[in-house]
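Notes for the one structure printed next.
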Amino acid sequence: MDEWISATRCWSPSPSPDGTTIAFVWDGDGRPQVRMHRRATGEEWSLDTGDDLVSTVRWSPDGAWLAVETAPDGGERTQVAIVRPDGTDLRPVRGVGDDDRGAVTLDRFTHTGSVLAITESDTETTTAWLVDADSGQRQRLGSGHALQILDVSRDRRRVLLRRGRRGSRHVGIVDLDGTEGWHEIDVQRGPGGPPGAVEHPVAITRDSSVVAGRFTPDGTKMLLLTDGGRERAALVAVDVATDASPMTPEVLAERTDAELERFALTEDAGLAALVWNVEGRSEVDLLDLGSGKCSSYAPPGDVVVSAIFSHDGDSLVMGIQSPEVPAAVWCHELSSDTTALICPQEEPRWAAGQLVHPTLEVVSTPDGLRLPGWLYRPRGQAGPFPTVIYLHGGPEAQERPVFTPLYQHLLARGVAVYAANVRGSSGFGRSFVNADNGAGRFAAIRDVATCVEHLVESGVADPDRVAVMGRSYGGYLTLAALVNHPELFAVGIDVCGMADFETFFARTEPWIADAAVGEYGHPIHDRNLLRELSPVHRMEHLRAPLLVVHGRWDTNVPVHEAELAVHGAKAAGVPVRYLLFDDEGHEIQRTENRVRFIHECVDWLVEHFGLDVRADAG
């Protein structure tokens with residue numbers, strides 16, 4: 001079964017401007033690196049960008065450069081470098097200086113030439129820069145909380161910036177012609193709104209957010225993906241012409257049953273690819289922005305994680321995942337209406353139908369919320385089963401039907417998995433994603449218990465053999481569930497979770513702490529609440545054996561949190577094991593480490609479920 005874990009993954013596709021080659025991130029040699037694919041021949045080769053793990057690659061509009069975002073040691077202090085498509089002239093890109101204490105983020109290239117938009121975070125402040133890859137010349141755009149450059153107008157006179165903490169990310173325009181100030185854009189104003197909203201800051205409600213945005217080619221409008229003024233994210237157009245009178249944002253596409261998760265736009269802004277999140281699965285529409293005509297496209301997989309048009313607008317290149325197929329890159333040609341797999345090129349090393357596809361299982365909470373999750377049942381067996389409740393990170397993320405070798409290994413051992421979406425998860429509307437903010441986190445912890453009760457009552461889960469497991473925020477929620485509802489769980493696994501909000505805020509990267517305030521609470525003003533929510537102060541209630549997993553170079557959730565959990569478990573007198581990866585950060589990226597991680601987790605669970613650890617399921 002190790003072929004499931006070591007299967008090649010591909011993501012972050014970027015087509016060359018001439019359309020002949022697609023660059024993407026590939027881990028076929030055991031670690032993420034840049035891979036190139038020549039479309040005419042299928043030839044592939046890798047580019048050497050150093051030892052750091054690559055997360056993103058982007059091609060410059062003039063074809064002269066590739067920009068890559070990397071994670072040294074797998075940590076959060078990401079860096080950006082540029083390299084020629086032939087692998088030469090590799091060099092780092094920073095806004096200013098050589099200080100590596102912060103993080104550099106790759107936002108995008110401008111629409112022409114080789115000017116790169118990056119942001120740098122070193123304290124609570126993020127600084128936005130434009131950097132010319134050819135000359136190295138830098139232009140500072142401004143600083144603020146959690147800035148991201150969404151777009152630069154074709155004439156390079158205006159920049160569309162997003163700023164703000166989680167759940168309150170709004171947009172504004174910075175003029176590069178010497179005009180002072182940030183011109184904030186109101187994406188919620190209704191008819192009769194205040195005049196001058198484009199030219200002057202306008203308050204936007206705290207829980208609205210802008211995800212992405214693009215200028216139209218003439219710079220008079222911008223298209224935004226936002227939930228401003230609505231429950232579910234939609235695509236809206238806002239008039240931002242210099243001499244335009246204030247107007248109500250125009251809704252271009254929205255659905256009452258789904259959130260718009262991402263959109264891709266052709267360079268002439270004539271066509272938009274809309275990726276809808278329908279309770280976790282993706283649906284894609286192609287919207288003609290001139291006529292308003294919309295057609296559906298069925299992607300070759302359950303979840304579209306990225307989408308980008310080729311420069312000529314005829315190819316839509318997508319990153320796609322499914323429960324039976326690892327992360328892959330596909331290319332859909334509009335003119336021929338054909339879709340081809342780009343990567344991985346090798347055939348799966350497992351039989352068709354060998355892996356389990358989940359079903360949507362909805363849990364109802366006592367206060368009336370609907371929690372959609374994904375239920376994986378062992379094939380050919382009748383319940384009740386030993387069952388793992390798996391909790392995703394974020395918390396503004398979502399459990400979706402994607403390729404997850406851990407689940408498949410557990411299923412092969414006769415263990416069911418319920419991949420839960422408790423309140424605070426994304427994809428189900430603005431109210432749901434904000435339902436766990438602050439003191440709402442107590443209800444999110446109770447949601448985990450509700451999931452267990454539902455699975456036991458429905459005959460899925462064996463009440464004496466239920467585990468809880470999660471990573472990052474899901475690791476925190478795992479610890480919180482174990483100490484608040486100890487009677488429900490036979491075993492637990494905490495993967496890089498927070499044990500104490502006080503030490504998390506004190507030790508995480510300052511820009512991560514700043515962004516997390518709106519989600520968790522303020523470390524000073526909400527100190528008592530955060531203390532009450534922190535599992536470390538209730539570890540004496542722990543009854544379940546606990547496996548703690550962490551990466552030494554994790555600076556998002558520092559390794560101190562794992563040490564607190566291990567110490568608390570030992571003090572509670574329960575069996576505890578600590579698995580520390582010396583060459584990983586917040587994510588386990590290297591193939592050999594993923595193999596070990598999954599085997600250690602599966603062995604821990606089946607041992608404490610009373611199953612045969614030595615059983616050969618492969």
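Letters A, B, ... go to the chains of the structure tokens in the order shown; residues in each chain start at 1; ligands are counted from 1 in the same order.
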For this session: List the neighbours of range 447-450 of chain A out to 8 Å using only C-alpha atoms; skip same-chain residues closer than 5 positions along the sequence, and give me the result as a list in words.
Result: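 So, after excluding close chain neighbours, the residues are Val363, Ser364, Thr365, Ile389, Val422, Arg423, Ala481, His485 and Leu488 of chain A.
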Problem set entry | Long-range neighbours of Pro32 in chain A as a PyMOL selection string, 8 Å cut-off, only C-alpha atoms, 2 positions minimum in chain | chain A and resi 25-30+34+53-55+589-590
Same residues, all heavy atoms, output as a JSON list (two decimals), in the first residue's frame:
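Writing the result to again-v4.json gives the following:
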```json
[["chain", "number", "residue", "atom", "x", "y", "z"],
["A", 25, "VAL", "N", 4.55, 22.26, -9.97],
["A", 25, "VAL", "CA", 5.30, 21.68, -8.85],
["A", 25, "VAL", "C", 5.04, 20.18, -8.84],
["A", 25, "VAL", "O", 3.90, 19.74, -8.99],
["A", 25, "VAL", "CB", 4.92, 22.32, -7.51],
["A", 25, "VAL", "CG1", 5.76, 21.73, -6.38],
["A", 25, "VAL", "CG2", 5.09, 23.84, -7.56],
["A", 26, "TRP", "N", 6.11, 19.41, -8.64],
["A", 26, "TRP", "CA", 6.10, 17.95, -8.80],
["A", 26, "TRP", "C", 6.95, 17.33, -7.70],
["A", 26, "TRP", "O", 8.00, 17.86, -7.35],
["A", 26, "TRP", "CB", 6.68, 17.65, -10.18],
["A", 26, "TRP", "CG", 6.97, 16.25, -10.58],
["A", 26, "TRP", "CD1", 6.10, 15.36, -11.13],
["A", 26, "TRP", "CD2", 8.24, 15.59, -10.55],
["A", 26, "TRP", "NE1", 6.74, 14.18, -11.44],
["A", 26, "TRP", "CE2", 8.06, 14.29, -11.10],
["A", 26, "TRP", "CE3", 9.51, 15.96, -10.13],
["A", 26, "TRP", "CZ2", 9.10, 13.38, -11.22],
["A", 26, "TRP", "CZ3", 10.55, 15.04, -10.24],
["A", 26, "TRP", "CH2", 10.34, 13.77, -10.78],
["A", 27, "ASP", "N", 6.47, 16.22, -7.11],
["A", 27, "ASP", "CA", 7.26, 15.60, -6.05],
["A", 27, "ASP", "C", 7.67, 14.17, -6.40],
["A", 27, "ASP", "O", 7.86, 13.33, -5.51],
["A", 27, "ASP", "CB", 6.52, 15.65, -4.71],
["A", 27, "ASP", "CG", 5.27, 14.77, -4.68],
["A", 27, "ASP", "OD1", 4.89, 14.22, -5.75],
["A", 27, "ASP", "OD2", 4.68, 14.61, -3.60],
["A", 28, "GLY", "N", 7.83, 13.90, -7.69],
["A", 28, "GLY", "CA", 8.15, 12.55, -8.13],
["A", 28, "GLY", "C", 9.50, 12.04, -7.67],
["A", 28, "GLY", "O", 9.73, 10.82, -7.66],
["A", 29, "ASP", "N", 10.41, 12.93, -7.27],
["A", 29, "ASP", "CA", 11.71, 12.51, -6.75],
["A", 29, "ASP", "C", 11.77, 12.56, -5.23],
["A", 29, "ASP", "O", 12.85, 12.55, -4.64],
["A", 29, "ASP", "CB", 12.83, 13.38, -7.34],
["A", 29, "ASP", "CG", 13.19, 12.96, -8.76],
["A", 29, "ASP", "OD1", 12.80, 11.85, -9.17],
["A", 29, "ASP", "OD2", 13.86, 13.74, -9.46],
["A", 30, "GLY", "N", 10.62, 12.68, -4.59],
["A", 30, "GLY", "CA", 10.58, 12.62, -3.13],
["A", 30, "GLY", "C", 10.43, 13.94, -2.43],
["A", 30, "GLY", "O", 10.18, 13.97, -1.22],
["A", 34, "VAL", "N", 10.34, 22.14, -9.15],
["A", 34, "VAL", "CA", 9.75, 22.63, -10.40],
["A", 34, "VAL", "C", 9.93, 21.58, -11.49],
["A", 34, "VAL", "O", 11.02, 21.04, -11.70],
["A", 34, "VAL", "CB", 10.40, 23.96, -10.83],
["A", 34, "VAL", "CG1", 9.85, 24.41, -12.17],
["A", 34, "VAL", "CG2", 10.16, 25.04, -9.77],
["A", 53, "LEU", "N", 12.02, 23.40, -0.37],
["A", 53, "LEU", "CA", 10.82, 22.79, -0.92],
["A", 53, "LEU", "C", 10.00, 23.83, -1.66],
["A", 53, "LEU", "O", 9.68, 24.90, -1.12],
["A", 53, "LEU", "CB", 9.99, 22.17, 0.20],
["A", 53, "LEU", "CG", 10.72, 21.18, 1.12],
["A", 53, "LEU", "CD1", 9.78, 20.60, 2.15],
["A", 53, "LEU", "CD2", 11.39, 20.08, 0.31],
["A", 54, "VAL", "N", 9.62, 23.55, -2.90],
["A", 54, "VAL", "CA", 8.87, 24.48, -3.74],
["A", 54, "VAL", "C", 7.38, 24.31, -3.49],
["A", 54, "VAL", "O", 6.87, 23.19, -3.42],
["A", 54, "VAL", "CB", 9.18, 24.25, -5.23],
["A", 54, "VAL", "CG1", 8.36, 25.19, -6.11],
["A", 54, "VAL", "CG2", 10.67, 24.43, -5.50],
["A", 55, "SER", "N", 6.67, 25.43, -3.35],
["A", 55, "SER", "CA", 5.21, 25.38, -3.16],
["A", 55, "SER", "C", 4.46, 25.95, -4.36],
["A", 55, "SER", "O", 3.34, 25.51, -4.65],
["A", 55, "SER", "CB", 4.81, 26.15, -1.90],
["A", 55, "SER", "OG", 5.22, 27.50, -1.98],
["A", 589, "GLN", "N", 6.22, 17.05, 3.93],
["A", 589, "GLN", "CA", 6.34, 17.14, 2.49],
["A", 589, "GLN", "C", 7.17, 16.04, 1.86],
["A", 589, "GLN", "O", 6.90, 15.63, 0.73],
["A", 589, "GLN", "CB", 6.96, 18.50, 2.11],
["A", 589, "GLN", "CG", 6.10, 19.70, 2.48],
["A", 589, "GLN", "CD", 5.01, 19.96, 1.45],
["A", 589, "GLN", "OE1", 4.57, 19.07, 0.75],
["A", 589, "GLN", "NE2", 4.58, 21.20, 1.35],
["A", 590, "ARG", "N", 8.17, 15.56, 2.54],
["A", 590, "ARG", "CA", 9.07, 14.58, 1.93],
["A", 590, "ARG", "C", 8.43, 13.20, 1.94],
["A", 590, "ARG", "O", 7.85, 12.77, 2.94],
["A", 590, "ARG", "CB", 10.41, 14.56, 2.68],
["A", 590, "ARG", "CG", 11.21, 15.84, 2.49],
["A", 590, "ARG", "CD", 12.44, 15.88, 3.37],
["A", 590, "ARG", "NE", 13.30, 17.01, 3.04],
["A", 590, "ARG", "CZ", 13.13, 18.25, 3.49],
["A", 590, "ARG", "NH1", 12.11, 18.51, 4.28],
["A", 590, "ARG", "NH2", 13.96, 19.21, 3.14]]
```
For this session: Please identify all polymer residues within 9 Å of range 109-119 of chain A, counting only C-alpha atoms, omitting same-chain residues fewer than 3 positions from it, and present them as JSON, numbers by chain.
Result: {"A": [58, 59, 60, 61, 62, 63, 64, 65, 67, 80, 93, 94, 95, 103, 104, 105, 106, 126, 127, 128, 129, 130, 131, 132, 133, 134, 146, 147, 148, 149, 150, 151, 152, 153, 154, 156, 267]}
Output the selection as a compact mmCIF listing (two decimals), in the first residue's frame - N, CA, C and O atoms for each residue.
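Result saved to out.txt:
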```txt
# COMPACT_ATOMS: atom_id res chain seq x y z
N ARG A 58 5.38 30.36 -11.09
CA ARG A 58 4.64 31.25 -12.00
C ARG A 58 5.56 31.67 -13.13
O ARG A 58 6.75 31.96 -12.93
N TRP A 59 5.02 31.75 -14.35
CA TRP A 59 5.77 32.13 -15.54
C TRP A 59 5.55 33.62 -15.81
O TRP A 59 4.43 34.11 -15.73
N SER A 60 6.62 34.33 -16.13
CA SER A 60 6.49 35.75 -16.45
C SER A 60 5.82 35.92 -17.81
O SER A 60 5.98 35.07 -18.70
N PRO A 61 5.07 37.01 -18.03
CA PRO A 61 4.35 37.21 -19.29
C PRO A 61 5.25 37.28 -20.52
O PRO A 61 4.81 36.96 -21.63
N ASP A 62 6.51 37.70 -20.34
CA ASP A 62 7.41 37.75 -21.49
C ASP A 62 8.16 36.43 -21.71
O ASP A 62 8.97 36.31 -22.63
N GLY A 63 7.90 35.46 -20.86
CA GLY A 63 8.51 34.15 -21.00
C GLY A 63 9.95 34.07 -20.56
O GLY A 63 10.58 33.01 -20.69
N ALA A 64 10.50 35.15 -20.01
CA ALA A 64 11.93 35.18 -19.70
C ALA A 64 12.27 34.55 -18.35
O ALA A 64 13.42 34.16 -18.13
N TRP A 65 11.28 34.47 -17.44
CA TRP A 65 11.58 34.02 -16.08
C TRP A 65 10.48 33.09 -15.56
O TRP A 65 9.32 33.18 -15.97
N ALA A 67 9.13 32.38 -11.61
CA ALA A 67 9.24 32.76 -10.20
C ALA A 67 8.76 31.59 -9.36
O ALA A 67 7.74 30.96 -9.68
N VAL A 80 11.21 33.77 -2.13
CA VAL A 80 10.89 33.81 -3.55
C VAL A 80 12.19 33.92 -4.33
O VAL A 80 13.10 34.66 -3.94
N VAL A 93 14.74 36.84 -4.60
CA VAL A 93 14.01 38.10 -4.78
C VAL A 93 13.52 38.55 -3.42
O VAL A 93 12.82 37.81 -2.72
N ARG A 94 13.89 39.76 -3.04
CA ARG A 94 13.36 40.36 -1.82
C ARG A 94 13.06 41.81 -2.10
O ARG A 94 13.61 42.42 -3.02
N GLY A 95 12.17 42.36 -1.27
CA GLY A 95 11.85 43.77 -1.44
C GLY A 95 13.02 44.65 -1.07
O GLY A 95 13.35 45.58 -1.77
N ALA A 103 9.07 36.46 6.02
CA ALA A 103 8.60 35.60 4.94
C ALA A 103 8.34 36.45 3.71
O ALA A 103 7.82 37.57 3.80
N VAL A 104 8.69 35.93 2.55
CA VAL A 104 8.41 36.57 1.28
C VAL A 104 7.39 35.71 0.55
O VAL A 104 7.55 34.49 0.44
N THR A 105 6.34 36.34 0.06
CA THR A 105 5.25 35.62 -0.61
C THR A 105 5.17 36.04 -2.06
O THR A 105 5.23 37.24 -2.38
N LEU A 106 5.02 35.06 -2.95
CA LEU A 106 4.85 35.32 -4.37
C LEU A 106 3.38 35.59 -4.65
O LEU A 106 2.53 34.70 -4.49
N THR A 126 2.99 43.82 6.94
CA THR A 126 3.36 43.27 5.64
C THR A 126 3.61 44.42 4.68
O THR A 126 2.85 45.39 4.65
N THR A 127 4.67 44.33 3.90
CA THR A 127 5.02 45.36 2.92
C THR A 127 4.90 44.78 1.52
O THR A 127 5.35 43.67 1.26
N ALA A 128 4.26 45.55 0.64
CA ALA A 128 4.05 45.12 -0.75
C ALA A 128 5.07 45.79 -1.66
O ALA A 128 5.35 46.98 -1.52
N TRP A 129 5.62 45.02 -2.61
CA TRP A 129 6.65 45.50 -3.52
C TRP A 129 6.37 45.06 -4.94
O TRP A 129 5.80 44.00 -5.17
N LEU A 130 6.83 45.87 -5.88
CA LEU A 130 6.99 45.46 -7.27
C LEU A 130 8.49 45.36 -7.54
O LEU A 130 9.23 46.29 -7.22
N VAL A 131 8.92 44.23 -8.10
CA VAL A 131 10.34 44.00 -8.35
C VAL A 131 10.53 43.64 -9.81
O VAL A 131 9.89 42.71 -10.32
N ASP A 132 11.40 44.38 -10.49
CA ASP A 132 11.72 44.08 -11.88
C ASP A 132 12.76 42.96 -11.90
O ASP A 132 13.88 43.12 -11.41
N ALA A 133 12.38 41.81 -12.47
CA ALA A 133 13.28 40.65 -12.47
C ALA A 133 14.54 40.92 -13.29
O ALA A 133 15.61 40.40 -12.96
N ASP A 134 14.45 41.70 -14.33
CA ASP A 134 15.61 41.97 -15.20
C ASP A 134 16.62 42.90 -14.53
O ASP A 134 17.81 42.61 -14.49
N ALA A 146 -1.46 42.14 6.83
CA ALA A 146 -1.74 41.01 5.94
C ALA A 146 -2.05 41.45 4.51
O ALA A 146 -3.08 41.12 3.95
N LEU A 147 -1.15 42.20 3.91
CA LEU A 147 -1.35 42.68 2.54
C LEU A 147 -1.14 41.56 1.52
O LEU A 147 -0.32 40.67 1.72
N GLN A 148 -1.89 41.64 0.43
CA GLN A 148 -1.64 40.80 -0.73
C GLN A 148 -1.93 41.60 -1.98
O GLN A 148 -2.93 42.32 -2.05
N ILE A 149 -1.05 41.50 -2.98
CA ILE A 149 -1.25 42.18 -4.26
C ILE A 149 -2.10 41.28 -5.14
O ILE A 149 -1.67 40.20 -5.53
N LEU A 150 -3.31 41.74 -5.45
CA LEU A 150 -4.21 40.94 -6.28
C LEU A 150 -4.00 41.17 -7.77
O LEU A 150 -4.09 40.24 -8.57
N ASP A 151 -3.70 42.41 -8.17
CA ASP A 151 -3.51 42.71 -9.59
C ASP A 151 -2.85 44.06 -9.75
O ASP A 151 -2.84 44.89 -8.83
N VAL A 152 -2.27 44.26 -10.93
CA VAL A 152 -1.68 45.53 -11.34
C VAL A 152 -2.31 45.88 -12.69
O VAL A 152 -2.38 45.03 -13.58
N SER A 153 -2.76 47.10 -12.83
CA SER A 153 -3.42 47.50 -14.08
C SER A 153 -2.44 47.39 -15.25
O SER A 153 -1.22 47.44 -15.08
N ARG A 154 -2.99 47.24 -16.45
CA ARG A 154 -2.14 47.04 -17.63
C ARG A 154 -1.18 48.21 -17.86
O ARG A 154 -0.07 48.04 -18.34
N ARG A 156 0.12 49.89 -15.50
CA ARG A 156 0.96 49.94 -14.30
C ARG A 156 0.81 51.24 -13.52
O ARG A 156 1.75 51.69 -12.84
N GLU A 267 -6.81 36.97 -20.58
CA GLU A 267 -6.11 38.25 -20.58
C GLU A 267 -6.98 39.38 -21.14
O GLU A 267 -6.86 40.52 -20.72
```
Exercise. Of the candidates A:Gly142, A:Pro15, A:Gly373, A:Gly440, which shows the shortest atom-to-atom distance to Pro85 in chain A, using only C-alpha atoms?
Worked result: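 Looking at the shortest contact to Pro85 in chain A, the residue is A:Pro15.
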For this session: For Val483 in chain A, work out the shell of residues within 9 Å, counting only C-alpha atoms and skipping chain neighbours fewer than 2 positions away, then give it as an MDAnalysis selection string.
Result: chainID A and resid 478:481 485:486 535:536 538:543
For this session: List every residue of range 445-545 of chain A that DSSP, applied to the backbone of this structure, places in alpha helix (DSSP H), and write the result as a ChimeraX atom specification.
Result: /A:445-457,473-484,501-507,510-520,527-533
